[in-house]
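This report refers to the structure that appears directly beneath it.
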Amino acid sequence: MADSPKSVKFAMEKPGCFRVIVVGGGPVGLTAAHILTKASIDFVVLERRDSVHPDEGAGIAIGPTTYRLLDQLDLISQFDDIATPINTKNVMTRDGQLYNSYEFHMQEYHGRAIAFAHRHDILRTLYTSLPPEAQAGIKTSKRVTSISVTADGATVTCDDGSIETGSIVIGADGVHSKTRSLMAAQAGHAVPVFPAAFQGLFGNVPREKLPVETPPSDNWEAHSPRLSSQFFVGRDRAWFIIYRPLPKPTTDRVDYTDEDVKRFAEDIQDLHLTKDLTFGQVFPHVNKAGLTLLQEGVVEKRSYGRIVLVGDAASKITPNLGLGYNSGVLDVIVLINHLRGALRLASSKETDLGGETEGGVHISEEEITKVFEAYEADRKDLTAKVTASAYGVVRNHTWLNWFRRVFDRNLTPAMNLESWYGKSIIGPHLGRQPVMDWVEEKNLLEGKIPWTYRPTQVPLGESELPYMIRILDKATAIKSQPNSRRYGIAAALEHKYM
C-alpha cells in the first residue's frame with residue numbers, strides 16, 4: 001500500500017523527526033523528493049534557480065531501471081505522455097553513409113525500451129505529481145553557502161540568510177556541486193574537480209520544422225575523426241548533441257557564450273544528423289542551443305559525516321550511453337532503501353511497531369555512517385562499469401586513433417558487438433539494480449535478463465508484529481556477519497525474499 005499524503009504531512013509536522021536536506025532540485029533531486037515522500041521521511045529541497053522547472057537543458061534518456069521506479073511512484077502514464085521510446089539506432093559517417101543499424105537491446109533484455117523526454121517536461125512532471133505537502137518542501141532561489149555538521153544534525157545556510165536544519169544532507173547539485181566542495185573542506189581534503197576532455201553542443205528543434213520528414217523513435221549517430229553526434233527524434237521535437245574533443249583536457253570551469261555556440265555551429269554545417277538531414281539544415285530552426293564542457297570522473301568518497309553525494313555530484317559521465325539520470329536515480333533508490341531500513345530498525349527499538357512513521361525517529365551518526373557505507377558499496381560496481389564504458393564509447397565514436405576507428409567502423413557492426421555488450425556486459429549489471437524495496441510494482445515488465453530484486457510488501461495492522469520480529473531477528477544476525485555489505489532490515493528483507 002502506498003503511503004498517503006496524510007502520512008507525509010504527519011511526518012513533516014512531527015517535531016524532532018528525522019529530516020533530510022536535499023541540495024539541488026534537478027531531476028535527481030526531485031526524484032529523491034518522491035522517494036522520501038513514499039517513505040514518509042521529512043525533507044526539504046533547496047534549488048538555486050528561481051524556477052522548479054526552467055525551460056533549459058537538452059533531452060534526458062529514461063531507462064528500464066528508472067521505469068521500474070516510475071511504476072512504483074504511479075508515474076508511468078505521466079511519463080508516457082512526455083517521453084518517446086527509442087527503438088532503433090542508425091550509425092553513419094559524417095557525410096551520411098550508413099554503416100550500422102539495429103534495434104536497441106533494452107526492450108529485448110529488460111522489457112522496456114529507452115525513452116527520451118525533454119528535461120523541462122521531466123522536471124514539471126516530477127514537481128506537479130508531488131502532493132501539496134511535499135511541493136511545499138521544494139524551495140527555489142536557495143544558493144547554499146555553508147554546511148555545518150554536529151553529532152546530532154546538520155545546518156545548511158543559503159545566501160539569502162535562510163537556514164535549514166536536518167539530520168543529513170544529500171548533495172544532488174550536479175557536476176559543479178557546492179555540497180561536494182563543502183564536504184571536502186570539512187574532511188580536510190582537496191576539492192574533487194572532474195576534468196573535461198570533450199565539449200558538447202546541444203539543443204532541440206520542433207519536429208514539424210525539420211526540413212526532411214523524420215519519423216519519431218529513431219536515434220541517429222554520426223561518427224567521424226574528432227567529431228560525433230547523436231540525434232534523437234521524439235513525437236514533438238528532436239534533440240541533438242555534438243561531441244568534440246578539446247585540444248587538451250581541462251579542470252577549469254568554462255561558461256561558453258552565444259558566439260561560441262555560433263562558431264561551433266558554423267564549423268559543422270555539413271555534419272549529417274540523419275542520412276538525409278544535415279546540421280546546417282536543422283540549426284536555423286533550433287529552439288535553444290547551448291555549449292558545455294563534458295566532465296568525466298568519480299569521487300573517491302561519496303560521504304563524510306552527515307553529508308552524502310548522489311548523481312552528477314558523485315559521478316559524471318559523458319551522455320553517450322544515456323545513463324546519467326538513470327544512474328542518479330539508482331543512487332537515491334539505494335541510499336533511501338538503506339536509510340529507511342535503519343529508521344525502521346531504530347523505530348522498532350523506540351516505539352511499538354506500527355505506531356510511528358519512518359520519519360519520527362532518531363538514528364545516531366554511527367548508524368548514518370553505516371547507511372552511507374552500505375550505499376557506497378552497493379553503487380561501486382555499476383558506477384565503475386558505466387564510467388569505464390562511457391569513457392571508451394565517446395572516444396570510439398570520435399575515432400581518436402586508428403584502432404578506435406577500425407573498432408567502431410568495422411569490428412562493431414561485423415561482430416554485432418552492440419548486442420553482445422547489452423547482453424553480456426551492461427545488461428547483467430542493470431538486471432541486478434534495485435527498486436524501492438517496500439512499494440509494489442504494478443506493471444513489471446521483463447526481458448531475457450530477469451530482474452534480481454523484487455519489491456517487498458510489508459503487511460499493515462496487528463499482523464505486522466510477528467512478521468517484524470522475524471525480520472528484526474534476521475537483521476541482527478546479518479549485522480553480526482563479518483564483511484556484510486548490507487545494513488539491518490534492508491538486508492533481512494533481501495535474504496527473505498530475493
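Residue numbering restarts at 1 for every chain of the C-alpha cells, chains are lettered A, B, ... in their displayed order, and ligands are numbered from 1 as they appear.
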As a count of residues only, please: every residue in stretch 215-269 of chain A that DSSP puts in alpha helix (DSSP H).
10
Stretch 90-106 of chain A environment, 7 Å, only C-alpha atoms, sequence neighbours closer than 2 positions dropped, as a list in words:
Asn87, Thr88, Glu108, Tyr109, His110, Gly111, Arg112, Ala113, Ile114, Asn219, Trp220, Glu221, Ala222, His223, Ser224, Leu271, His272, Thr274, Lys275, Pro413, Ser419 and Gly422 of chain A
What's around A:Thr165 at 9 Å? Count only C-alpha atoms, leave out sequence neighbours fewer than 5 positions away in its own chain, and write the answer as a list in words.
Arg19, Val20, Ile21, Gly153, Ala154, Thr155, Val156 and Thr157 of chain A
Nearest to A:His118: which of A:Tyr67, A:Trp239, A:Phe194, A:Tyr453 is it, counting only C-alpha atoms?
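Nearest to A:His118: A:Trp239.
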Please determine, counting only C-alpha atoms, which residue among A:Arg68, A:His120, A:Lys380, A:His34 has the shortest atom-to-atom distance to A:Val52.
A:His120
Stretch 405-412 of chain A: which residues within 8 Å, counting only C-alpha atoms, same-chain residues fewer than 6 positions away excluded, as an mmCIF file with C-alpha atoms, in the first residue's frame?
data_model
loop_
_atom_site.group_PDB
_atom_site.id
_atom_site.type_symbol
_atom_site.label_atom_id
_atom_site.label_comp_id
_atom_site.auth_asym_id
_atom_site.auth_seq_id
_atom_site.Cartn_x
_atom_site.Cartn_y
_atom_site.Cartn_z
ATOM 1 C CA TYR A 99 27.289 1.538 -41.826
ATOM 2 C CA PRO A 225 37.513 11.781 -36.745
ATOM 3 C CA ASN A 396 35.476 5.296 -30.074
ATOM 4 C CA HIS A 397 32.774 7.392 -31.709
ATOM 5 C CA THR A 398 35.140 10.313 -32.309
ATOM 6 C CA TRP A 399 37.802 7.995 -33.818
ATOM 7 C CA GLU A 418 26.418 -3.682 -29.541
#
